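> What follows is my_file.csv, made up of CSV, C-alpha atoms and all ligand atoms:
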chain,number,residue,atom,x,y,z
E,1408,MET,CA,-18.4,12.9,3.3
E,1409,ALA,CA,-14.8,11.9,2.6
E,1410,THR,CA,-12.3,14.4,1.0
E,1411,LYS,CA,-12.0,13.4,-2.7
E,1412,ILE,CA,-8.5,12.2,-3.7
E,1413,LYS,CA,-6.7,12.1,-7.0
E,1414,VAL,CA,-4.4,9.3,-7.9
E,1415,ARG,CA,-1.5,9.3,-10.5
E,1416,PRO,CA,1.6,7.2,-11.2
E,1417,GLN,CA,4.4,8.0,-8.8
E,1418,LYS,CA,7.1,10.4,-10.1
E,1419,VAL,CA,10.8,10.6,-9.1
E,1420,SER,CA,10.1,14.2,-8.0
E,1421,ASP,CA,7.8,12.8,-5.3
E,1422,ALA,CA,10.9,11.4,-3.5
E,1423,LYS,CA,11.2,14.2,-0.8
E,1424,SER,CA,7.5,14.0,0.1
E,1425,PHE,CA,7.5,10.2,0.4
E,1426,PHE,CA,10.7,10.3,2.4
E,1427,GLU,CA,9.1,12.7,4.9
E,1428,ILE,CA,5.8,10.9,5.1
E,1429,LEU,CA,7.4,7.4,5.6
E,1430,ASN,CA,9.9,8.5,8.2
E,1431,ASN,CA,7.3,8.5,10.9
E,1432,ASP,CA,7.6,6.4,14.1
E,1433,ASN,CA,3.8,6.0,14.2
E,1434,PHE,CA,4.0,3.9,11.0
E,1435,ARG,CA,4.4,0.9,13.3
E,1436,TYR,CA,3.3,-1.8,11.0
E,1437,PHE,CA,4.7,-0.6,7.6
E,1438,GLY,CA,7.9,-2.0,6.1
E,1439,ALA,CA,9.1,0.7,3.8
E,1440,ARG,CA,11.2,3.5,5.5
E,1441,PRO,CA,13.8,5.0,3.2
E,1442,LYS,CA,17.0,6.0,5.0
E,1443,THR,CA,17.7,8.8,2.6
E,1444,ILE,CA,16.0,10.7,-0.2
E,1445,LYS,CA,18.5,9.1,-2.6
E,1446,GLU,CA,17.2,5.7,-1.5
E,1447,GLU,CA,13.7,6.8,-2.2
E,1448,ILE,CA,14.7,8.2,-5.6
E,1449,ALA,CA,16.3,4.8,-6.5
E,1450,PHE,CA,13.0,3.1,-5.5
E,1451,LEU,CA,10.8,5.5,-7.6
E,1452,LYS,CA,13.1,5.1,-10.7
E,1453,LYS,CA,12.2,1.4,-10.7
E,1454,ASN,CA,8.5,2.1,-11.2
E,1455,PRO,CA,8.4,2.3,-15.1
E,1456,ARG,CA,10.2,-1.1,-15.4
E,1457,TRP,CA,7.9,-2.7,-12.8
E,1458,ARG,CA,4.9,-1.6,-14.8
E,1459,LYS,CA,6.3,-2.9,-18.0
E,1460,GLN,CA,7.1,-6.2,-16.3
E,1461,ASN,CA,3.6,-6.4,-14.9
E,1462,PHE,CA,5.2,-6.6,-11.5
E,1463,ALA,CA,3.9,-3.5,-9.6
E,1464,TYR,CA,1.7,-0.5,-10.3
E,1465,ASN,CA,2.5,2.2,-7.8
E,1466,PHE,CA,0.6,5.5,-7.4
E,1467,SER,CA,0.8,8.8,-5.5
E,1468,ILE,CA,-2.3,10.0,-3.7
E,1469,LEU,CA,-3.0,13.7,-4.0
E,1470,LEU,CA,-5.4,16.1,-2.3
E,1471,GLY,CA,-5.5,19.1,-4.5
E,1472,LYS,CA,-1.8,19.6,-5.4
E,1473,GLU,CA,-0.5,18.1,-2.2
E,1474,LEU,CA,0.9,14.6,-2.0
E,1475,VAL,CA,-0.7,12.9,0.9
E,1476,GLY,CA,0.2,9.2,0.4
E,1477,GLY,CA,1.0,6.3,-1.8
E,1478,CYS,CA,-0.6,3.1,-2.9
E,1479,GLY,CA,-0.1,0.2,-5.3
E,1480,ILE,CA,-0.8,-3.3,-6.5
E,1481,HIS,CA,1.9,-5.9,-6.7
E,1482,ILE,CA,1.1,-8.8,-9.1
E,1483,ASN,CA,1.9,-12.3,-7.7
E,1484,GLN,CA,4.5,-13.5,-10.2
E,1485,HIS,CA,3.7,-17.2,-9.7
E,1486,ARG,CA,-0.1,-16.7,-10.0
E,1487,LEU,CA,-0.7,-13.7,-12.4
E,1488,HIS,CA,-4.4,-13.5,-11.6
E,1489,ILE,CA,-3.6,-12.4,-8.0
E,1490,GLY,CA,-2.7,-8.9,-6.9
E,1491,GLU,CA,-1.8,-7.5,-3.5
E,1492,ILE,CA,-2.8,-4.0,-2.5
E,1493,GLY,CA,-0.7,-1.7,-0.2
E,1494,TYR,CA,-1.2,1.8,1.0
E,1495,PHE,CA,0.0,4.6,3.3
E,1496,VAL,CA,-1.2,8.1,4.2
E,1497,ASP,CA,0.6,11.1,5.7
E,1498,GLU,CA,-0.4,11.0,9.4
E,1499,SER,CA,-1.8,14.6,9.2
E,1500,TYR,CA,-4.5,13.2,7.0
E,1501,TRP,CA,-5.5,10.0,8.8
E,1502,GLY,CA,-9.1,9.3,9.4
E,1503,LYS,CA,-10.5,11.2,6.3
E,1504,GLY,CA,-11.3,8.1,4.2
E,1505,ILE,CA,-8.2,8.6,2.0
E,1506,ALA,CA,-6.9,5.0,2.1
E,1507,THR,CA,-10.4,3.7,1.7
E,1508,GLN,CA,-10.8,5.6,-1.6
E,1509,ALA,CA,-7.3,4.5,-2.7
E,1510,VAL,CA,-8.3,0.8,-2.3
E,1511,SER,CA,-11.4,1.4,-4.4
E,1512,PHE,CA,-9.3,3.0,-7.2
E,1513,LEU,CA,-6.8,0.1,-7.1
E,1514,GLU,CA,-9.6,-2.5,-7.1
E,1515,THR,CA,-11.2,-0.9,-10.3
E,1516,LEU,CA,-7.8,-1.1,-12.0
E,1517,GLY,CA,-7.1,-4.6,-10.7
E,1518,PHE,CA,-10.4,-6.3,-11.7
E,1519,GLY,CA,-10.7,-4.1,-14.8
E,1520,LYS,CA,-7.6,-3.3,-16.9
E,1521,LEU,CA,-5.3,-5.8,-15.1
E,1522,LYS,CA,-7.9,-8.6,-15.3
E,1523,LEU,CA,-7.2,-9.9,-11.9
E,1524,LYS,CA,-9.4,-12.6,-10.3
E,1525,ARG,CA,-8.3,-12.1,-6.7
E,1526,ILE,CA,-7.1,-9.1,-4.8
E,1527,GLU,CA,-5.5,-9.5,-1.3
E,1528,ILE,CA,-4.7,-7.1,1.5
E,1529,LEU,CA,-2.4,-8.2,4.3
E,1530,MET,CA,-1.9,-6.4,7.6
E,1531,GLU,CA,-0.5,-7.1,11.1
E,1532,PRO,CA,-3.4,-7.9,13.5
E,1533,LYS,CA,-2.6,-4.8,15.6
E,1534,ASN,CA,-2.9,-2.5,12.5
E,1535,LYS,CA,-6.6,-1.8,13.2
E,1536,ALA,CA,-6.8,1.2,10.8
E,1537,SER,CA,-5.5,-0.9,7.9
E,1538,GLU,CA,-7.9,-3.7,8.8
E,1539,LYS,CA,-10.8,-1.2,8.8
E,1540,VAL,CA,-9.8,0.0,5.3
E,1541,ALA,CA,-10.1,-3.6,4.0
E,1542,VAL,CA,-13.4,-4.2,5.8
E,1543,LYS,CA,-14.9,-0.9,4.5
E,1544,ASN,CA,-14.1,-1.9,1.0
E,1545,GLY,CA,-15.8,-5.2,1.4
E,1546,TYR,CA,-12.8,-7.5,1.7
E,1547,LYS,CA,-13.3,-10.8,3.6
E,1548,LYS,CA,-11.0,-12.1,6.3
E,1549,GLU,CA,-9.6,-15.5,5.2
E,1550,GLY,CA,-7.3,-16.2,8.0
E,1551,LEU,CA,-3.9,-15.5,9.7
E,1552,MET,CA,-0.8,-16.0,7.6
E,1553,LYS,CA,2.0,-17.1,10.0
E,1554,LYS,CA,5.4,-15.4,9.6
E,1555,VAL,CA,4.4,-14.0,6.2
E,1556,VAL,CA,6.3,-10.7,6.3
E,1557,PHE,CA,9.8,-9.7,7.5
E,1558,SER,CA,9.7,-6.7,9.7
E,1559,LYS,CA,13.0,-4.8,9.6
E,1560,ARG,CA,11.9,-2.9,12.6
E,1561,ALA,CA,11.2,-6.0,14.7
E,1562,LYS,CA,14.1,-7.9,12.9
E,1563,ASP,CA,11.7,-10.9,12.8
E,1564,TYR,CA,9.0,-12.5,10.7
E,1565,ARG,CA,5.5,-11.3,11.5
E,1566,ASP,CA,2.0,-12.8,11.2
E,1567,CYS,CA,-0.6,-11.0,9.1
E,1568,TYR,CA,-4.4,-11.3,8.6
E,1569,LEU,CA,-5.2,-12.1,5.0
E,1570,TYR,CA,-8.2,-10.2,3.6
E,1571,ALA,CA,-9.3,-10.8,0.0
E,1572,LYS,CA,-11.9,-10.2,-2.6
E,1573,VAL,CA,-12.5,-12.3,-5.7
E,1574,LYS,CA,-14.2,-11.6,-9.0
U,1,LIG,C1,-3.6,2.4,7.5
U,1,LIG,C2,-3.7,3.8,6.9
U,1,LIG,C3,-3.2,3.8,5.5
U,1,LIG,C4,-5.2,4.3,6.9
U,1,LIG,O1,-5.3,5.5,6.2
U,1,LIG,P1,-6.6,6.5,6.4
U,1,LIG,O2,-6.6,7.3,5.2
U,1,LIG,O3,-6.5,7.1,7.7
U,1,LIG,O4,-7.8,5.4,6.3
U,1,LIG,P2,-9.3,5.7,6.3
U,1,LIG,O5,-9.6,7.1,6.8
U,1,LIG,O6,-9.8,5.4,4.9
U,1,LIG,O7,-9.9,4.6,7.2
U,1,LIG,C5,-9.3,4.3,8.5
U,1,LIG,C6,-10.4,3.7,9.4
U,1,LIG,O8,-9.7,3.1,10.5
U,1,LIG,C7,-10.3,3.7,11.7
U,1,LIG,N1,-9.2,3.5,12.7
U,1,LIG,C8,-8.1,4.3,12.8
U,1,LIG,N2,-7.4,3.8,13.9
U,1,LIG,C9,-8.1,2.8,14.4
U,1,LIG,C10,-7.9,1.9,15.6
U,1,LIG,N3,-6.8,2.0,16.3
U,1,LIG,N4,-8.8,1.0,15.8
U,1,LIG,C11,-9.9,0.9,15.1
U,1,LIG,N5,-10.2,1.7,14.0
U,1,LIG,C12,-9.2,2.6,13.7
U,1,LIG,C13,-10.7,5.1,11.4
U,1,LIG,O9,-11.6,5.6,12.3
U,1,LIG,C14,-11.3,4.8,10.0
U,1,LIG,O10,-12.6,4.2,10.1
U,1,LIG,P3,-14.0,5.1,9.9
U,1,LIG,O11,-13.9,5.7,8.6
U,1,LIG,O12,-15.0,4.1,10.1
U,1,LIG,O13,-13.9,6.1,11.0
U,1,LIG,C15,-2.9,4.9,7.7
U,1,LIG,O14,-3.2,4.7,9.1
U,1,LIG,C16,-1.4,4.7,7.5
U,1,LIG,O15,-0.8,5.2,6.6
U,1,LIG,N6,-0.7,3.9,8.4
U,1,LIG,C17,0.7,3.7,8.3
U,1,LIG,C18,1.0,2.8,7.1
U,1,LIG,C19,0.3,1.4,7.1
U,1,LIG,O16,0.2,0.8,8.2
U,1,LIG,N7,-0.2,1.0,6.0
U,1,LIG,C20,-0.9,-0.2,5.8
U,1,LIG,C21,0.0,-1.4,5.9
U,1,LIG,S1,-0.9,-2.9,5.9
Please express what this file holds, its structure, as structure tokens.
Ligand SMILES: CC(C)(COP(=O)(O)OP(=O)(O)OC[C@H]1O[C@@H](n2cnc3c(N)ncnc32)[C@H](O)[C@@H]1OP(=O)(O)O)[C@@H](O)C(=O)NCCC(=O)NCCS

Amino acid sequence: MATKIKVRPQKVSDAKSFFEILNNDNFRYFGARPKTIKEEIAFLKKNPRWRKQNFAYNFSILLGKELVGGCGIHINQHRLHIGEIGYFVDESYWGKGIATQAVSFLETLGFGKLKLKRIEILMEPKNKASEKVAVKNGYKKEGLMKKVVFSKRAKDYRDCYLYAKVK
């Protein structure tokens, strides 16, 4: 039985925890790695505007009072019926079903209040944990998107599997 998570909108005061979680060399296929806590604060300060603009809805994942990860939905600004889910979890908490629950929460929000018709999840083919999260939530693989993300780490464009669910 998975540990039950709580999810709430991200706060600027989460910056130090996110900075520590994200600066992990084992996050091999994840783009966001703040260089400083200040940079993370600047990111978190944008969240209220992004919500108002229907651009992104980002959340903190908590276990009890501890912040253990982050997740969110970005709305496709050309096709407002499409959202893309993203997630990350502190390495100390991997394999406990946390990201799987986070996706379920985001999906309820996406197909419910946000009235989306299609939700996508993209991951690099080697990111097997992320792919498993999509599969466990019933997302279907639609193909391989060539050069769809830019990896700062690899300094190159990377291919990703496209997983999606439609309502
Ligand atoms: C991807 C990530 C969010 C998964 O978080 P998590 O809370 O551990 O995910 P869950 O526990 O819900 O599910 C992970 C599943 O992948 C499985 N898994 C982990 N590593 C795996 C691997 N190398 N190969 C196959 N399956 C793997 C786990 O066993 C688990 O499946 P199970 O429940 O059937 O045992 C976490 O690894 C992470 O934060 N990675 C770095 C950031 C990232 O890559 N984010 C996604 C970008 S697309």
> To one decimal place in Å, what is the distance between atom CA of Arg1525 of chain E and atom C15 of ligand LIG 1 (chain U)?
22.9 Å
> Please indicate the distance in Å from atom P3 of ligand LIG 1 (chain U) to atom CA of Lys1572 of chain E, rounded to one decimal place.
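Between atom P3 of ligand LIG 1 (chain U) and atom CA of Lys1572 of chain E the gap works out to 19.9 Å.
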> Which residues are near ligand LIG 1 (chain U) in this structure, taking near to mean any atom at most 7 Å from a ligand atom and counting only C-alpha atoms and all ligand atoms? Format them as JSON, numbers by chain.
{"E": [1434, 1435, 1436, 1437, 1493, 1494, 1495, 1496, 1497, 1498, 1500, 1501, 1502, 1503, 1504, 1505, 1506, 1507, 1508, 1529, 1530, 1531, 1534, 1535, 1536, 1537, 1539, 1540]}
> Could you check the closest approach to Phe1518 of chain E for each of E:Leu1551, E:Ile1412, E:Leu1474, E:Ile1489 and tell me which residue wins, using only C-alpha atoms?
E:Ile1489
> How far is it from atom CA of Thr1443 of chain E to atom CA of Ile1428 of chain E, in Å with one decimal?
12.3 Å
> Point out the residue among E:Asp1421, E:Asp1432, E:Gly1479, E:Arg1458 with the least atom-to-atom distance to Ile1444 of chain E, counting all atoms listed in the file.
E:Asp1421
> Name the closest residue to Thr1515 of chain E among the candidates E:Asn1433, E:Ala1422, E:Asn1544, E:Val1475; distances are taken between atoms, counting all atoms listed in the file.
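Counting all atoms listed in the file, the residue closest to Thr1515 of chain E is E:Asn1544.
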> Place a sphere of radius 6 Å on (-0.7, 7.1, -2.2) in the file coordinates and name every protein, DNA or RNA residue with an atom inside or on its surface, counting all atoms listed in the file; give the answer as a ChimeraX atom specification.
/E:1466-1468,1476-1478
> Which polymer residues, whether protein, DNA or RNA, lie within 12 Å of the coordinate (-0.4, -13.5, -5.8) when you count all atoms listed in the file? List them as a list in words, using the chain letters and numbers from the file.
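I get Phe1462, Ala1463, Ile1480, His1481, Ile1482, Asn1483, Gln1484, His1485, Arg1486, Leu1487, His1488, Ile1489, Gly1490, Glu1491, Ile1492, Leu1523, Lys1524, Arg1525, Ile1526, Glu1527, Ile1528, Leu1529, Leu1569 and Ala1571 of chain E for the residues within 12 Å of that point.
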> With distances taken over all atoms listed in the file, which residue among E:Phe1425, E:Asn1465, E:Lys1554, E:Lys1472 lies nearest Leu1516 of chain E?
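Looking only at the distances to Leu1516 of chain E, the closest residue turns out to be E:Asn1465.
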> From the set E:Phe1426, E:Glu1514, E:Gln1460, E:Pro1455, which residue has the shortest atom-to-atom contact distance to Ala1439 of chain E, counting all atoms listed in the file?
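Once distances to Ala1439 of chain E are computed over all atoms listed in the file, the minimum belongs to E:Phe1426.
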> Closest to Lys1452 of chain E among E:Leu1521, E:Leu1470, E:Val1419, E:Val1510, using only C-alpha atoms?
E:Val1419
> Using the partial input, fill out segment 1431-1465 of chain E with N, CA and C atoms; write the result as a CSV table (one decimal), keeping the file's coordinate frame.

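Below you can see rebuild.csv, which holds the result:
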chain,number,residue,atom,x,y,z
E,1431,ASN,N,8.2,8.1,9.8
E,1431,ASN,CA,7.3,8.5,10.9
E,1431,ASN,C,7.2,7.3,11.9
E,1432,ASP,N,7.6,7.5,13.1
E,1432,ASP,CA,7.6,6.4,14.1
E,1432,ASP,C,6.2,5.9,14.4
E,1433,ASN,N,5.2,6.6,14.0
E,1433,ASN,CA,3.8,6.0,14.2
E,1433,ASN,C,3.4,5.1,13.0
E,1434,PHE,N,4.3,4.9,12.0
E,1434,PHE,CA,4.0,3.9,11.0
E,1434,PHE,C,4.6,2.6,11.6
E,1435,ARG,N,3.9,2.0,12.6
E,1435,ARG,CA,4.4,0.9,13.3
E,1435,ARG,C,4.4,-0.4,12.5
E,1436,TYR,N,3.5,-0.5,11.6
E,1436,TYR,CA,3.3,-1.8,11.0
E,1436,TYR,C,3.6,-1.7,9.5
E,1437,PHE,N,4.4,-0.8,9.1
E,1437,PHE,CA,4.7,-0.6,7.6
E,1437,PHE,C,6.2,-0.8,7.4
E,1438,GLY,N,6.5,-1.6,6.4
E,1438,GLY,CA,7.9,-2.0,6.1
E,1438,GLY,C,8.8,-0.9,5.5
E,1439,ALA,N,8.2,-0.1,4.6
E,1439,ALA,CA,9.1,0.7,3.8
E,1439,ALA,C,9.4,2.0,4.6
E,1440,ARG,N,10.7,2.2,4.9
E,1440,ARG,CA,11.2,3.5,5.5
E,1440,ARG,C,12.5,3.8,4.9
E,1441,PRO,N,12.5,4.7,3.8
E,1441,PRO,CA,13.8,5.0,3.2
E,1441,PRO,C,14.7,5.7,4.1
E,1442,LYS,N,16.0,5.4,4.1
E,1442,LYS,CA,17.0,6.0,5.0
E,1442,LYS,C,17.4,7.4,4.5
E,1443,THR,N,17.4,7.5,3.2
E,1443,THR,CA,17.7,8.8,2.6
E,1443,THR,C,16.8,9.1,1.4
E,1444,ILE,N,16.8,10.4,1.0
E,1444,ILE,CA,16.0,10.7,-0.2
E,1444,ILE,C,16.6,10.0,-1.4
E,1445,LYS,N,17.9,9.9,-1.5
E,1445,LYS,CA,18.5,9.1,-2.6
E,1445,LYS,C,18.0,7.7,-2.7
E,1446,GLU,N,17.8,7.1,-1.5
E,1446,GLU,CA,17.2,5.7,-1.5
E,1446,GLU,C,15.8,5.7,-2.1
E,1447,GLU,N,15.0,6.7,-1.7
E,1447,GLU,CA,13.7,6.8,-2.2
E,1447,GLU,C,13.7,7.1,-3.7
E,1448,ILE,N,14.6,7.9,-4.2
E,1448,ILE,CA,14.7,8.2,-5.6
E,1448,ILE,C,15.0,6.9,-6.4
E,1449,ALA,N,15.9,6.1,-5.8
E,1449,ALA,CA,16.3,4.8,-6.5
E,1449,ALA,C,15.0,3.9,-6.6
E,1450,PHE,N,14.2,3.9,-5.5
E,1450,PHE,CA,13.0,3.1,-5.5
E,1450,PHE,C,12.0,3.6,-6.7
E,1451,LEU,N,11.8,4.9,-6.7
E,1451,LEU,CA,10.8,5.5,-7.6
E,1451,LEU,C,11.3,5.3,-9.1
E,1452,LYS,N,12.6,5.3,-9.3
E,1452,LYS,CA,13.1,5.1,-10.7
E,1452,LYS,C,12.8,3.7,-11.2
E,1453,LYS,N,12.5,2.7,-10.3
E,1453,LYS,CA,12.2,1.4,-10.7
E,1453,LYS,C,10.7,1.2,-11.3
E,1454,ASN,N,9.9,2.2,-10.9
E,1454,ASN,CA,8.5,2.1,-11.2
E,1454,ASN,C,8.1,1.8,-12.7
E,1455,PRO,N,8.7,2.6,-13.7
E,1455,PRO,CA,8.4,2.3,-15.1
E,1455,PRO,C,8.7,0.9,-15.5
E,1456,ARG,N,9.9,0.3,-15.0
E,1456,ARG,CA,10.2,-1.1,-15.4
E,1456,ARG,C,9.2,-2.0,-14.7
E,1457,TRP,N,8.9,-1.8,-13.5
E,1457,TRP,CA,7.9,-2.7,-12.8
E,1457,TRP,C,6.6,-2.7,-13.5
E,1458,ARG,N,6.2,-1.6,-14.0
E,1458,ARG,CA,4.9,-1.6,-14.8
E,1458,ARG,C,5.0,-2.4,-16.1
E,1459,LYS,N,6.1,-2.2,-16.8
E,1459,LYS,CA,6.3,-2.9,-18.0
E,1459,LYS,C,6.4,-4.4,-17.8
E,1460,GLN,N,7.0,-4.8,-16.7
E,1460,GLN,CA,7.1,-6.2,-16.3
E,1460,GLN,C,5.8,-6.8,-15.7
E,1461,ASN,N,4.8,-6.0,-15.6
E,1461,ASN,CA,3.6,-6.4,-14.9
E,1461,ASN,C,3.9,-6.9,-13.5
E,1462,PHE,N,4.8,-6.2,-12.8
E,1462,PHE,CA,5.2,-6.6,-11.5
E,1462,PHE,C,4.5,-5.8,-10.4
E,1463,ALA,N,4.5,-4.4,-10.6
E,1463,ALA,CA,3.9,-3.5,-9.6
E,1463,ALA,C,3.4,-2.3,-10.3
E,1464,TYR,N,2.3,-1.7,-9.8
E,1464,TYR,CA,1.7,-0.5,-10.3
E,1464,TYR,C,1.5,0.4,-9.1
E,1465,ASN,N,2.4,1.4,-9.0
E,1465,ASN,CA,2.5,2.2,-7.8
E,1465,ASN,C,2.0,3.6,-8.1
